[in-house]
>>> print(open('coords-v7.txt').read())   # compact mmCIF, C-alpha atoms
# COMPACT_ATOMS: atom_id res chain seq x y z
CA MET A 1 51.33 86.50 106.97
CA LEU A 2 54.02 84.42 108.64
CA HIS A 3 56.71 87.10 108.49
CA HIS A 4 58.95 87.01 111.59
CA LYS A 5 57.05 84.01 113.00
CA ASN A 6 58.96 81.00 114.34
CA ILE A 7 57.71 77.65 113.10
CA LEU A 8 58.74 74.32 114.58
CA LEU A 9 58.14 71.80 111.80
CA ILE A 10 57.86 68.17 112.90
CA VAL A 11 58.19 65.75 110.00
CA GLY A 12 56.57 62.37 110.46
CA GLY A 13 57.66 59.15 108.79
CA GLY A 14 55.39 58.84 105.79
CA ILE A 15 55.88 58.89 102.04
CA ALA A 16 54.60 62.49 101.99
CA ALA A 17 57.60 63.56 104.10
CA TYR A 18 59.35 64.76 100.97
CA LYS A 19 56.70 67.48 100.62
CA ALA A 20 57.91 68.96 103.90
CA LEU A 21 60.96 70.22 102.04
CA GLU A 22 58.77 72.34 99.76
CA LEU A 23 56.88 73.55 102.83
CA ILE A 24 60.15 74.69 104.44
CA ARG A 25 61.02 76.62 101.29
CA ARG A 26 57.60 78.29 101.17
CA LEU A 27 57.70 79.19 104.88
CA ARG A 28 61.15 80.77 104.50
CA ALA A 29 59.94 82.69 101.43
CA GLN A 30 57.24 84.24 103.62
CA GLY A 31 59.85 85.37 106.12
CA ALA A 32 59.25 82.73 108.77
CA GLY A 33 61.99 81.15 110.81
CA VAL A 34 61.89 77.36 110.62
CA ARG A 35 63.35 74.74 112.92
CA VAL A 36 62.88 71.11 111.97
CA ILE A 37 62.46 67.92 113.97
CA LEU A 38 62.69 64.69 111.99
CA THR A 39 61.28 61.54 113.56
CA HIS A 40 63.46 58.48 113.17
CA ALA A 41 61.10 57.17 110.48
CA ALA A 42 61.16 60.52 108.66
CA THR A 43 64.92 60.19 108.17
CA GLN A 44 64.17 57.23 105.92
CA PHE A 45 62.47 59.62 103.49
CA VAL A 46 64.37 62.92 103.86
CA THR A 47 67.86 63.62 105.17
CA PRO A 48 68.75 66.02 107.99
CA LEU A 49 71.17 67.71 105.57
CA SER A 50 68.45 68.57 103.04
CA ALA A 51 66.13 69.93 105.75
CA SER A 52 68.99 71.89 107.33
CA SER A 53 70.05 73.37 103.99
CA LEU A 54 66.54 74.67 103.31
CA SER A 55 65.79 75.88 106.84
CA GLY A 56 69.20 77.38 107.56
CA GLU A 57 69.00 75.83 111.02
CA LYS A 58 70.24 72.73 112.80
CA VAL A 59 67.88 69.79 112.39
CA TYR A 60 66.89 67.85 115.52
CA THR A 61 66.33 64.10 115.63
CA ASP A 62 67.40 62.73 119.01
CA LEU A 63 65.74 63.32 122.38
CA PHE A 64 68.92 62.40 124.21
CA SER A 65 71.40 64.71 122.52
CA LEU A 66 73.57 65.58 125.52
CA THR A 67 74.47 69.09 124.31
CA ASP A 68 70.89 70.11 123.76
CA GLU A 69 69.44 68.32 126.78
CA ALA A 70 71.93 70.08 129.06
CA GLU A 71 69.84 73.13 128.21
CA ILE A 72 66.59 71.11 128.49
CA GLY A 73 66.42 71.32 124.70
CA HIS A 74 63.04 69.70 124.18
CA ILE A 75 61.39 72.29 126.45
CA ARG A 76 63.20 75.14 124.73
CA LEU A 77 62.14 73.90 121.29
CA SER A 78 58.52 73.59 122.41
CA ARG A 79 58.35 77.10 123.89
CA GLU A 80 60.34 79.21 121.45
CA ALA A 81 58.05 78.50 118.47
CA ASP A 82 54.92 80.45 117.60
CA LEU A 83 53.42 77.33 115.99
CA LEU A 84 54.14 73.60 115.95
CA LEU A 85 53.40 72.24 112.50
CA VAL A 86 53.31 68.46 111.96
CA VAL A 87 53.69 67.49 108.28
CA PRO A 88 52.96 64.73 107.55
CA ALA A 89 51.13 63.67 110.69
CA THR A 90 51.20 59.89 110.59
CA ALA A 91 48.65 57.61 112.25
CA ASP A 92 51.32 56.56 114.76
CA LEU A 93 52.27 60.11 115.69
CA MET A 94 48.62 61.15 116.07
CA ALA A 95 47.99 58.12 118.29
CA LYS A 96 50.91 59.12 120.52
CA MET A 97 49.58 62.66 120.79
CA ALA A 98 46.05 61.51 121.58
CA THR A 99 47.24 59.28 124.44
CA GLY A 100 49.96 61.58 125.76
CA GLN A 101 52.94 59.38 124.96
CA ALA A 102 56.40 60.94 124.95
CA ASP A 103 58.99 58.37 123.89
CA ASP A 104 60.94 60.37 121.30
CA LEU A 105 61.83 63.98 120.60
CA ALA A 106 58.78 64.76 118.43
CA SER A 107 56.17 63.36 120.83
CA THR A 108 57.92 64.89 123.85
CA VAL A 109 57.99 68.36 122.30
CA LEU A 110 54.33 68.06 121.30
CA LEU A 111 53.39 67.13 124.86
CA ALA A 112 55.52 69.86 126.44
CA THR A 113 54.36 72.79 124.30
CA ASP A 114 52.01 75.57 125.24
CA LYS A 115 51.76 76.85 121.65
CA PRO A 116 49.20 76.15 118.88
CA ILE A 117 49.58 72.83 117.06
CA LEU A 118 48.55 72.24 113.45
CA LEU A 119 48.50 68.73 111.98
CA ALA A 120 48.41 67.78 108.31
CA PRO A 121 47.69 64.04 108.30
CA SER A 122 48.75 61.71 105.50
CA MET A 123 48.25 57.96 105.41
CA ASN A 124 46.59 55.09 103.58
CA VAL A 125 42.83 55.52 103.16
CA LYS A 126 42.04 52.48 105.34
CA MET A 127 44.27 53.86 108.09
CA TRP A 128 42.54 57.24 107.89
CA GLU A 129 39.10 55.63 108.01
CA HIS A 130 39.99 53.20 110.84
CA PRO A 131 37.89 53.71 114.00
CA ALA A 132 41.06 54.16 116.06
CA THR A 133 42.24 57.04 113.88
CA LYS A 134 38.79 58.59 113.96
CA ARG A 135 38.80 58.41 117.76
CA ASN A 136 42.21 60.02 117.86
CA VAL A 137 41.11 62.85 115.57
CA VAL A 138 38.14 63.56 117.85
CA ALA A 139 40.38 63.48 120.92
CA LEU A 140 42.98 65.79 119.37
CA ARG A 141 40.34 68.30 118.29
CA GLY A 142 38.96 68.20 121.81
CA ASP A 143 42.45 69.03 123.08
CA GLY A 144 42.50 72.12 120.86
CA VAL A 145 44.71 70.73 118.10
CA SER A 146 43.95 72.09 114.60
CA ILE A 147 43.87 69.70 111.65
CA VAL A 148 44.14 70.27 107.90
CA HIS A 149 42.20 67.31 106.56
CA PRO A 150 43.79 65.02 103.97
CA VAL A 151 42.34 64.98 100.46
CA GLU A 152 41.26 62.29 98.04
CA GLY A 153 43.49 60.96 95.31
CA GLU A 154 45.71 58.14 94.16
CA MET A 155 48.20 57.01 96.76
CA ALA A 156 51.75 55.76 96.57
CA CYS A 157 50.51 52.27 97.42
CA GLY A 158 48.29 52.31 94.34
CA GLU A 159 45.00 52.63 96.21
CA TYR A 160 42.61 55.57 95.82
CA GLY A 161 40.79 57.45 98.54
CA CYS A 162 41.05 60.09 101.25
CA GLY A 163 44.48 60.19 102.88
CA ARG A 164 46.72 62.24 100.64
CA LEU A 165 48.48 65.18 102.29
CA ALA A 166 46.60 68.46 101.86
CA GLU A 167 48.06 70.85 99.29
CA ILE A 168 50.93 73.02 100.54
CA PRO A 169 49.01 76.32 99.92
CA ASP A 170 46.17 75.03 102.11
CA ILE A 171 48.58 74.08 104.91
CA LEU A 172 50.16 77.53 104.72
CA SER A 173 46.74 79.20 104.82
CA ALA A 174 45.77 77.21 107.89
CA ALA A 175 49.03 78.22 109.58
CA GLU A 176 48.34 81.87 108.77
CA ARG A 177 44.87 81.61 110.28
CA LEU A 178 46.36 80.37 113.54
CA ILE A 179 49.23 82.81 113.98
CA GLY A 180 49.58 85.16 111.02
CA GLY A 181 47.50 88.04 112.28
CA ALA A 182 44.52 85.70 112.53
CA PRO A 183 41.58 86.82 110.40
CA MET A 184 38.62 88.15 112.34
CA THR A 185 36.54 85.12 111.40
CA MET A 186 38.93 82.83 113.24
CA ALA A 187 39.85 85.20 116.06
CA THR A 188 36.50 86.47 117.21
CA GLY A 189 33.78 84.07 116.01
CA LEU A 190 31.66 86.91 114.67
CA LEU A 191 29.20 84.47 113.10
CA LYS A 192 28.39 82.81 116.41
CA GLY A 193 24.64 82.27 116.60
CA LYS A 194 24.22 82.70 112.84
CA HIS A 195 23.06 80.06 110.36
CA VAL A 196 24.92 79.83 107.06
CA VAL A 197 23.68 77.68 104.17
CA VAL A 198 26.18 76.76 101.45
CA THR A 199 25.51 74.83 98.24
CA ALA A 200 28.47 73.06 96.67
CA GLY A 201 29.52 70.69 93.91
CA PRO A 202 27.78 69.73 90.68
CA THR A 203 24.33 68.29 90.09
CA HIS A 204 23.78 65.11 88.09
CA GLU A 205 20.72 65.14 85.85
CA PRO A 206 19.76 61.58 84.81
CA ILE A 207 19.38 60.60 81.16
CA ASP A 208 18.69 57.00 82.07
CA SER A 209 19.55 54.75 84.99
CA VAL A 210 23.31 54.88 84.29
CA ARG A 211 23.95 58.13 82.39
CA TYR A 212 23.58 61.73 83.40
CA ILE A 213 24.36 65.35 82.46
CA ALA A 214 26.92 66.97 84.75
CA ASN A 215 29.87 69.37 84.92
CA ARG A 216 33.41 69.29 86.30
CA SER A 217 32.82 71.05 89.61
CA SER A 218 34.78 69.36 92.41
CA GLY A 219 32.97 71.09 95.28
CA LYS A 220 36.29 72.19 96.83
CA GLN A 221 35.46 75.89 96.92
CA GLY A 222 32.05 75.34 98.49
CA TYR A 223 33.43 72.95 101.10
CA ALA A 224 36.17 75.46 101.95
CA ILE A 225 33.53 78.18 102.39
CA ALA A 226 31.46 75.95 104.66
CA GLU A 227 34.52 75.25 106.81
CA ALA A 228 35.45 78.96 106.95
CA ALA A 229 31.91 79.83 108.07
CA HIS A 230 32.04 77.14 110.75
CA ALA A 231 35.42 78.43 111.92
CA ALA A 232 33.82 81.85 112.26
CA GLY A 233 31.33 80.39 114.73
CA ALA A 234 28.33 79.79 112.48
CA ARG A 235 26.02 76.82 112.39
CA VAL A 236 26.53 75.59 108.84
CA THR A 237 24.32 73.56 106.52
CA LEU A 238 26.27 72.30 103.50
CA ILE A 239 24.03 71.11 100.65
CA SER A 240 26.34 69.06 98.48
CA GLY A 241 25.97 67.57 95.05
CA PRO A 242 28.01 64.44 94.25
CA THR A 243 31.71 64.99 95.12
CA ASN A 244 34.71 62.93 96.19
CA LEU A 245 35.31 65.11 99.24
CA ALA A 246 35.18 63.98 102.85
CA ALA A 247 32.37 65.49 104.88
CA PRO A 248 33.70 68.37 107.00
CA ALA A 249 33.61 67.83 110.75
CA ASN A 250 30.85 69.49 112.80
CA ILE A 251 28.94 70.62 109.70
CA ASP A 252 25.47 69.40 108.76
CA VAL A 253 25.92 67.94 105.26
CA VAL A 254 22.82 67.33 103.14
CA PRO A 255 23.70 65.16 100.13
CA VAL A 256 21.69 65.70 96.96
CA THR A 257 22.02 64.59 93.36
CA THR A 258 19.79 66.68 91.09
CA ALA A 259 18.97 70.38 90.81
CA LEU A 260 15.41 69.71 91.96
CA GLU A 261 16.71 67.96 95.07
CA MET A 262 19.13 70.83 95.73
CA ARG A 263 16.31 73.38 95.44
CA GLU A 264 14.16 71.43 97.90
CA ALA A 265 17.06 71.08 100.35
CA ALA A 266 17.91 74.79 100.07
CA PHE A 267 14.42 75.95 100.96
CA SER A 268 14.14 73.31 103.70
CA ALA A 269 17.33 74.68 105.27
CA LEU A 270 15.85 78.17 105.70
CA PRO A 271 15.65 80.37 107.69
CA ALA A 272 19.29 81.38 107.44
CA ASP A 273 21.35 84.51 107.94
CA ILE A 274 23.61 83.90 104.93
CA PHE A 275 23.02 81.83 101.78
CA ILE A 276 26.06 81.15 99.57
CA ALA A 277 25.30 79.45 96.26
CA THR A 278 28.62 77.95 95.23
CA ALA A 279 27.16 74.88 93.52
CA ALA A 280 27.48 74.51 89.75
CA VAL A 281 23.84 73.60 89.19
CA ALA A 282 23.09 72.16 85.74
CA ASP A 283 21.08 74.67 83.71
CA TRP A 284 19.05 71.94 82.02
CA ARG A 285 17.87 68.40 82.68
CA PRO A 286 16.39 65.76 80.38
CA LYS A 287 12.64 66.29 80.26
CA ARG A 288 12.13 62.57 80.78
CA ALA A 289 14.63 60.16 82.28
CA ILE A 290 14.54 56.65 80.87
CA THR A 291 14.08 53.77 83.29
CA GLY A 292 16.88 51.27 82.73
CA LYS A 293 19.78 51.71 80.33
CA LEU A 294 19.14 53.43 77.01
CA LYS A 295 20.30 50.97 74.35
CA LYS A 296 22.62 51.89 71.50
CA THR A 297 21.07 51.21 68.09
CA ALA A 298 22.42 51.32 64.55
CA ALA A 299 19.62 53.57 63.39
CA SER A 300 20.56 56.88 65.00
CA ALA A 301 21.61 58.55 68.23
CA PRO A 302 18.72 59.16 70.65
CA GLU A 303 17.32 62.67 70.77
CA LEU A 304 17.43 64.32 74.19
CA VAL A 305 14.68 66.79 74.99
CA LEU A 306 15.89 69.18 77.69
CA THR A 307 13.97 71.39 80.07
CA GLU A 308 15.27 74.24 82.21
CA ASN A 309 16.20 73.64 85.83
CA PRO A 310 15.01 76.01 88.57
CA ASP A 311 17.17 79.07 89.27
CA ILE A 312 17.84 78.38 92.94
CA LEU A 313 19.86 81.55 93.54
CA ALA A 314 17.19 83.84 92.05
CA GLU A 315 14.36 82.05 93.86
CA ILE A 316 16.12 82.27 97.24
CA SER A 317 16.95 85.96 96.61
CA ARG A 318 13.30 86.80 95.93
CA SER A 319 11.64 84.53 98.47
CA ASP A 320 9.76 85.72 101.54
CA ALA A 321 12.27 83.76 103.61
CA ARG A 322 15.25 85.53 101.98
CA PRO A 323 18.36 85.37 104.17
CA GLY A 324 19.90 88.68 105.20
CA LEU A 325 22.79 88.10 102.82
CA VAL A 326 22.72 86.13 99.55
CA VAL A 327 25.91 85.35 97.63
CA GLY A 328 26.13 83.78 94.18
CA PHE A 329 28.98 82.42 92.08
CA ALA A 330 29.51 82.97 88.37
CA ALA A 331 31.71 80.49 86.50
CA GLU A 332 32.38 81.79 82.99
CA THR A 333 34.68 81.04 80.06
CA ASP A 334 34.46 84.45 78.33
CA ASP A 335 33.42 88.05 79.10
CA LEU A 336 33.70 87.15 82.78
CA LEU A 337 32.96 90.52 84.37
CA LYS A 338 30.19 91.39 81.89
CA HIS A 339 28.33 88.15 82.55
CA ALA A 340 28.94 88.37 86.29
CA ALA A 341 27.57 91.93 86.46
CA SER A 342 24.51 90.82 84.52
CA LYS A 343 24.01 87.92 86.92
CA LEU A 344 24.28 90.25 89.94
CA ALA A 345 21.53 92.45 88.49
CA LYS A 346 19.23 89.61 87.41
CA LYS A 347 19.47 87.28 90.39
CA GLY A 348 18.75 89.82 93.10
CA CYS A 349 21.65 88.70 95.29
CA ASP A 350 23.99 90.92 97.31
CA PHE A 351 27.34 89.67 95.99
CA ILE A 352 28.61 87.69 93.04
CA VAL A 353 31.96 85.90 93.12
CA ALA A 354 33.15 85.45 89.54
CA ASN A 355 35.82 83.02 88.40
CA ASP A 356 37.23 82.13 85.00
CA VAL A 357 36.82 78.39 84.32
CA SER A 358 38.06 78.42 80.73
CA GLU A 359 40.41 75.70 79.54
CA GLY A 360 43.83 75.87 81.17
CA THR A 361 42.75 77.72 84.34
CA ASN A 362 42.47 74.47 86.33
CA VAL A 363 39.86 76.05 88.61
CA MET A 364 37.38 73.18 88.41
CA GLY A 365 39.07 70.43 90.37
CA GLY A 366 42.13 72.51 91.26
CA ASP A 367 43.16 73.86 94.65
CA GLU A 368 43.59 77.52 93.70
CA ASN A 369 41.23 80.16 92.40
CA THR A 370 41.35 83.67 90.97
CA VAL A 371 38.11 85.51 91.66
CA HIS A 372 36.46 88.88 91.21
CA PHE A 373 34.14 90.09 93.96
CA LEU A 374 31.15 92.07 92.64
CA SER A 375 28.76 94.12 94.74
CA ALA A 376 26.69 97.27 94.37
CA HIS A 377 29.90 99.19 95.11
CA GLY A 378 31.82 97.80 92.13
CA VAL A 379 34.38 95.09 91.41
CA GLU A 380 37.34 93.87 93.46
CA SER A 381 39.85 91.57 91.80
CA TRP A 382 41.48 89.22 94.27
CA ALA A 383 44.93 87.79 93.60
CA LYS A 384 45.25 84.09 92.84
CA SER A 385 45.26 82.11 96.06
CA SER A 386 44.18 78.82 97.55
CA LYS A 387 40.48 78.06 97.70
CA THR A 388 40.85 78.04 101.48
CA ASP A 389 42.09 81.63 101.35
CA VAL A 390 39.28 82.68 99.00
CA ALA A 391 36.78 81.12 101.40
CA ARG A 392 38.25 82.90 104.41
CA ARG A 393 38.23 86.23 102.65
CA LEU A 394 34.65 85.80 101.43
CA ILE A 395 33.43 84.97 104.93
CA GLU A 396 35.20 88.06 106.24
CA ARG A 397 33.32 90.16 103.67
CA CYS A 398 30.04 88.56 104.69
CA VAL A 399 30.74 89.33 108.35
CA LYS A 400 31.52 92.93 107.45
CA ALA A 401 28.31 93.22 105.41
CA LEU A 402 26.16 91.91 108.27
CA ILE A 403 27.77 94.38 110.68
CA GLU A 404 27.11 97.24 108.24
CA LYS A 405 23.47 96.17 107.82
CA ARG A 406 22.99 96.23 111.56
CA GLY A 407 24.41 99.73 111.31
>>> encode(input="coords-v7.txt", output="structure tokens")
Amino acid sequence: MLHHKNILLIVGGGIAAYKALELIRRLRAQGAGVRVILTHAATQFVTPLSASSLSGEKVYTDLFSLTDEAEIGHIRLSREADLLLVVPATADLMAKMATGQADDLASTVLLATDKPILLAPSMNVKMWEHPATKRNVVALRGDGVSIVHPVEGEMACGEYGCGRLAEIPDILSAAERLIGGAPMTMATGLLKGKHVVVTAGPTHEPIDSVRYIANRSSGKQGYAIAEAAHAAGARVTLISGPTNLAAPANIDVVPVTTALEMREAAFSALPADIFIATAAVADWRPKRAITGKLKKTAASAPELVLTENPDILAEISRSDARPGLVVGFAAETDDLLKHAASKLAKKGCDFIVANDVSEGTNVMGGDENTVHFLSAHGVESWAKSSKTDVARRLIERCVKALIEKRG
């Protein structure tokens, strides 16, 4: 947790700056102390008064404030914080950081600090995808800066793509991982030298050349698990069905479309130490896909003949190349724990993570999840949290299980 931690929040000048106010409120609710620096551009979106009212502290905007600089204020600000949090991190501010510029209070403090830095970028999709921004991201990561990647969605400019600010719960979770009693996966890299295979997202089973059978899985939980495993030191293979998510950095992503392709990719990825089947694989596929577009006729609707898809989780669990730890997911709309317990017994895996995906839960496509962790020892019900937090906690359990198996 962030209780009694001091956060220096630097607000960049982007349309997402208004979300920084909610972040201040959430940080204070967790017991953190918050000081705020507003860039000149940020003051066009939020006022110093609103940030000061929420933080309970003076808000800083000017490098050359005589009162503060008499005490070398920018150095003091940079050293008294436990974490520097930049929300939103604009393309301009990231470029300054990557090249070591220090021409205003925010960039000077970022250059002068010896504390962890966490960026949450937000910008137009073309700006995020620009080669210059990509170079800056690589440079900043190389300098030890942590980044909460932006997400896909509709933007204020009317365009759609990757560049929206990450959800506030995910930014908070990332901050906790850096300073809040850092989880063992982040602190010690206990999966170093291990290979983790994660399946994520839906599968699309073709009816004809333009139509398919699918489900509403966004892939967010699987991608979060892959990133948590990588953060724990593992080499990660992420086998992903079709999603709108950006490929995680430093992770081998294998894109697939159908269940048969996912099965082939899963077995090709072995051997592995941990296999986590997060993907919502379609249970059935059309027995025969039509070449071209199936035409609508007045006579009657076409009859689809379905055939069962392979059970990838069960096959991996029972294979000669079985990883040391196999984890499955159970997405149910009713009798959640009953069906999850049955799945644990039938599939031959070590753990099942069960979540309720009934109407109104907003799990599929949402950023939060409420799960139940099933093992041979019983059921643990985890409180609702961000998918990033669920991922971190699951990886911690996997690390613990591997240690216990080594005995």
>>> residues_around(input="coords-v7.txt", residues="Ile168 of chain A", least_positions_apart="2", cutoff="10 Å", atoms="only C-alpha atoms", output="ChimeraX atom specification")
/A:19-20,22-23,26,87,120,165-166,170-174,367,386
>>> residues_near_point(input="coords-v7.txt", point="(70.7, 73.9, 107.8)", cutoff="12 Å", atoms="only C-alpha atoms", output="list in words")
Leu21, Ile24, Arg25, Gly33, Val34, Arg35, Val36, Ile37, Thr47, Pro48, Leu49, Ser50, Ala51, Ser52, Ser53, Leu54, Ser55, Gly56, Glu57, Lys58, Val59 and Tyr60 of chain A
>>> closest_residue(input="coords-v7.txt", among="A:Val210, A:Ala331, A:Ala81, A:Ile312", to="Gly292 of chain A", atoms="only C-alpha atoms")
A:Val210
>>> closest_residue(input="coords-v7.txt", among="A:Leu83, A:Val109, A:Ile213, A:Leu190", to="Leu306 of chain A", atoms="all atoms listed in the file")
A:Ile213
>>> closest_residue(input="coords-v7.txt", among="A:Gly222, A:Ala391, A:Asp104, A:Arg216", to="Ala200 of chain A", atoms="all atoms listed in the file")
A:Gly222
>>> residues_around(input="coords-v7.txt", residues="Ile117 of chain A", least_positions_apart="6", cutoff="12 Å", atoms="only C-alpha atoms", output="VMD selection string")
chain A and resid 7 to 10 78 to 79 81 to 87 89 94 97 109 to 111 140 to 141 143 to 148 174 to 175 178 to 179
>>> atom_distance(input="coords-v7.txt", atom1="atom CA of Arg285 of chain A", atom2="atom CA of Ser300 of chain A")
21.3 Å
>>> residues_around(input="coords-v7.txt", residues="Leu394 of chain A", least_positions_apart="2", cutoff="10 Å", atoms="all atoms listed in the file", output="PDB file with C-alpha atoms, in the frame of the given file")
ATOM      1  CA  ILE A 225      33.530  78.180 102.390  1.00  0.00           C
ATOM      2  CA  ALA A 228      35.450  78.960 106.950  1.00  0.00           C
ATOM      3  CA  ALA A 229      31.910  79.830 108.070  1.00  0.00           C
ATOM      4  CA  ILE A 276      26.060  81.150  99.570  1.00  0.00           C
ATOM      5  CA  VAL A 327      25.910  85.350  97.630  1.00  0.00           C
ATOM      6  CA  PHE A 351      27.340  89.670  95.990  1.00  0.00           C
ATOM      7  CA  VAL A 353      31.960  85.900  93.120  1.00  0.00           C
ATOM      8  CA  PHE A 373      34.140  90.090  93.960  1.00  0.00           C
ATOM      9  CA  THR A 388      40.850  78.040 101.480  1.00  0.00           C
ATOM     10  CA  ASP A 389      42.090  81.630 101.350  1.00  0.00           C
ATOM     11  CA  VAL A 390      39.280  82.680  99.000  1.00  0.00           C
ATOM     12  CA  ALA A 391      36.780  81.120 101.400  1.00  0.00           C
ATOM     13  CA  ARG A 392      38.250  82.900 104.410  1.00  0.00           C
ATOM     14  CA  GLU A 396      35.200  88.060 106.240  1.00  0.00           C
ATOM     15  CA  ARG A 397      33.320  90.160 103.670  1.00  0.00           C
ATOM     16  CA  CYS A 398      30.040  88.560 104.690  1.00  0.00           C
ATOM     17  CA  VAL A 399      30.740  89.330 108.350  1.00  0.00           C
ATOM     18  CA  LYS A 400      31.520  92.930 107.450  1.00  0.00           C
TER      19      LYS A 400
END
>>> atom_distance(input="coords-v7.txt", atom1="atom CA of Val138 of chain A", atom2="atom CA of Asp92 of chain A")
15.2 Å
>>> closest_residue(input="coords-v7.txt", among="A:Asn215, A:Gln221, A:Pro248, A:Cys157", to="Ser385 of chain A", atoms="only C-alpha atoms")
A:Gln221
>>> residues_near_point(input="coords-v7.txt", point="(20.5, 63.3, 90.2)", cutoff="7 Å", atoms="all atoms listed in the file", output="list of chain:residue names")
A:Thr203, A:His204, A:Glu205, A:Pro206, A:Thr257, A:Thr258
>>> atom_distance(input="coords-v7.txt", atom1="atom CA of Asn6 of chain A", atom2="atom CA of Glu80 of chain A")
7.5 Å
>>> closest_residue(input="coords-v7.txt", among="A:Leu238, A:Val254, A:Ala383, A:Ala301", to="Phe275 of chain A", atoms="only C-alpha atoms")
A:Leu238
>>> decode(input="coords-v7.txt", residues="segment 269-286 of chain A", atoms="N, CA and C atoms", output="PDB file, in the first residue's frame")
ATOM      1  N   ALA A 269       5.318 -23.834 -28.074  1.00  0.00           N
ATOM      2  CA  ALA A 269       6.010 -22.993 -27.092  1.00  0.00           C
ATOM      3  C   ALA A 269       6.666 -23.809 -25.985  1.00  0.00           C
ATOM      4  N   LEU A 270       6.254 -25.053 -25.808  1.00  0.00           N
ATOM      5  CA  LEU A 270       6.831 -25.897 -24.758  1.00  0.00           C
ATOM      6  C   LEU A 270       8.241 -26.311 -25.154  1.00  0.00           C
ATOM      7  N   PRO A 271       9.125 -26.608 -24.190  1.00  0.00           N
ATOM      8  CA  PRO A 271       8.857 -26.744 -22.748  1.00  0.00           C
ATOM      9  C   PRO A 271       8.717 -25.394 -22.043  1.00  0.00           C
ATOM     10  N   ALA A 272       7.996 -25.439 -20.934  1.00  0.00           N
ATOM     11  CA  ALA A 272       7.786 -24.253 -20.111  1.00  0.00           C
ATOM     12  C   ALA A 272       7.705 -24.668 -18.651  1.00  0.00           C
ATOM     13  N   ASP A 273       7.966 -23.724 -17.775  1.00  0.00           N
ATOM     14  CA  ASP A 273       7.851 -23.985 -16.340  1.00  0.00           C
ATOM     15  C   ASP A 273       6.435 -23.734 -15.842  1.00  0.00           C
ATOM     16  N   ILE A 274       5.762 -22.751 -16.451  1.00  0.00           N
ATOM     17  CA  ILE A 274       4.387 -22.411 -16.063  1.00  0.00           C
ATOM     18  C   ILE A 274       3.570 -22.191 -17.331  1.00  0.00           C
ATOM     19  N   PHE A 275       2.364 -22.747 -17.359  1.00  0.00           N
ATOM     20  CA  PHE A 275       1.427 -22.522 -18.463  1.00  0.00           C
ATOM     21  C   PHE A 275       0.149 -21.952 -17.860  1.00  0.00           C
ATOM     22  N   ILE A 276      -0.248 -20.767 -18.304  1.00  0.00           N
ATOM     23  CA  ILE A 276      -1.438 -20.099 -17.777  1.00  0.00           C
ATOM     24  C   ILE A 276      -2.420 -19.881 -18.916  1.00  0.00           C
ATOM     25  N   ALA A 277      -3.530 -20.604 -18.873  1.00  0.00           N
ATOM     26  CA  ALA A 277      -4.516 -20.577 -19.955  1.00  0.00           C
ATOM     27  C   ALA A 277      -5.610 -19.571 -19.630  1.00  0.00           C
ATOM     28  N   THR A 278      -5.353 -18.324 -19.974  1.00  0.00           N
ATOM     29  CA  THR A 278      -6.317 -17.258 -19.723  1.00  0.00           C
ATOM     30  C   THR A 278      -7.296 -17.084 -20.885  1.00  0.00           C
ATOM     31  N   ALA A 279      -6.900 -17.545 -22.066  1.00  0.00           N
ATOM     32  CA  ALA A 279      -7.698 -17.307 -23.271  1.00  0.00           C
ATOM     33  C   ALA A 279      -9.099 -17.893 -23.155  1.00  0.00           C
ATOM     34  N   ALA A 280     -10.055 -17.165 -23.733  1.00  0.00           N
ATOM     35  CA  ALA A 280     -11.443 -17.642 -23.809  1.00  0.00           C
ATOM     36  C   ALA A 280     -11.606 -18.351 -25.156  1.00  0.00           C
ATOM     37  N   VAL A 281     -11.148 -19.585 -25.200  1.00  0.00           N
ATOM     38  CA  VAL A 281     -11.166 -20.358 -26.441  1.00  0.00           C
ATOM     39  C   VAL A 281     -12.604 -20.778 -26.759  1.00  0.00           C
ATOM     40  N   ALA A 282     -13.026 -20.577 -28.003  1.00  0.00           N
ATOM     41  CA  ALA A 282     -14.374 -20.993 -28.403  1.00  0.00           C
ATOM     42  C   ALA A 282     -14.520 -22.502 -28.245  1.00  0.00           C
ATOM     43  N   ASP A 283     -15.618 -22.928 -27.635  1.00  0.00           N
ATOM     44  CA  ASP A 283     -15.836 -24.361 -27.421  1.00  0.00           C
ATOM     45  C   ASP A 283     -16.101 -25.104 -28.728  1.00  0.00           C
ATOM     46  N   TRP A 284     -16.714 -24.402 -29.684  1.00  0.00           N
ATOM     47  CA  TRP A 284     -17.054 -25.053 -30.954  1.00  0.00           C
ATOM     48  C   TRP A 284     -16.605 -24.185 -32.120  1.00  0.00           C
ATOM     49  N   ARG A 285     -16.488 -24.826 -33.281  1.00  0.00           N
ATOM     50  CA  ARG A 285     -16.204 -24.129 -34.531  1.00  0.00           C
ATOM     51  C   ARG A 285     -17.098 -24.726 -35.613  1.00  0.00           C
ATOM     52  N   PRO A 286     -17.422 -23.975 -36.644  1.00  0.00           N
ATOM     53  CA  PRO A 286     -18.151 -24.544 -37.771  1.00  0.00           C
ATOM     54  C   PRO A 286     -17.367 -25.704 -38.378  1.00  0.00           C
TER      55      PRO A 286
END
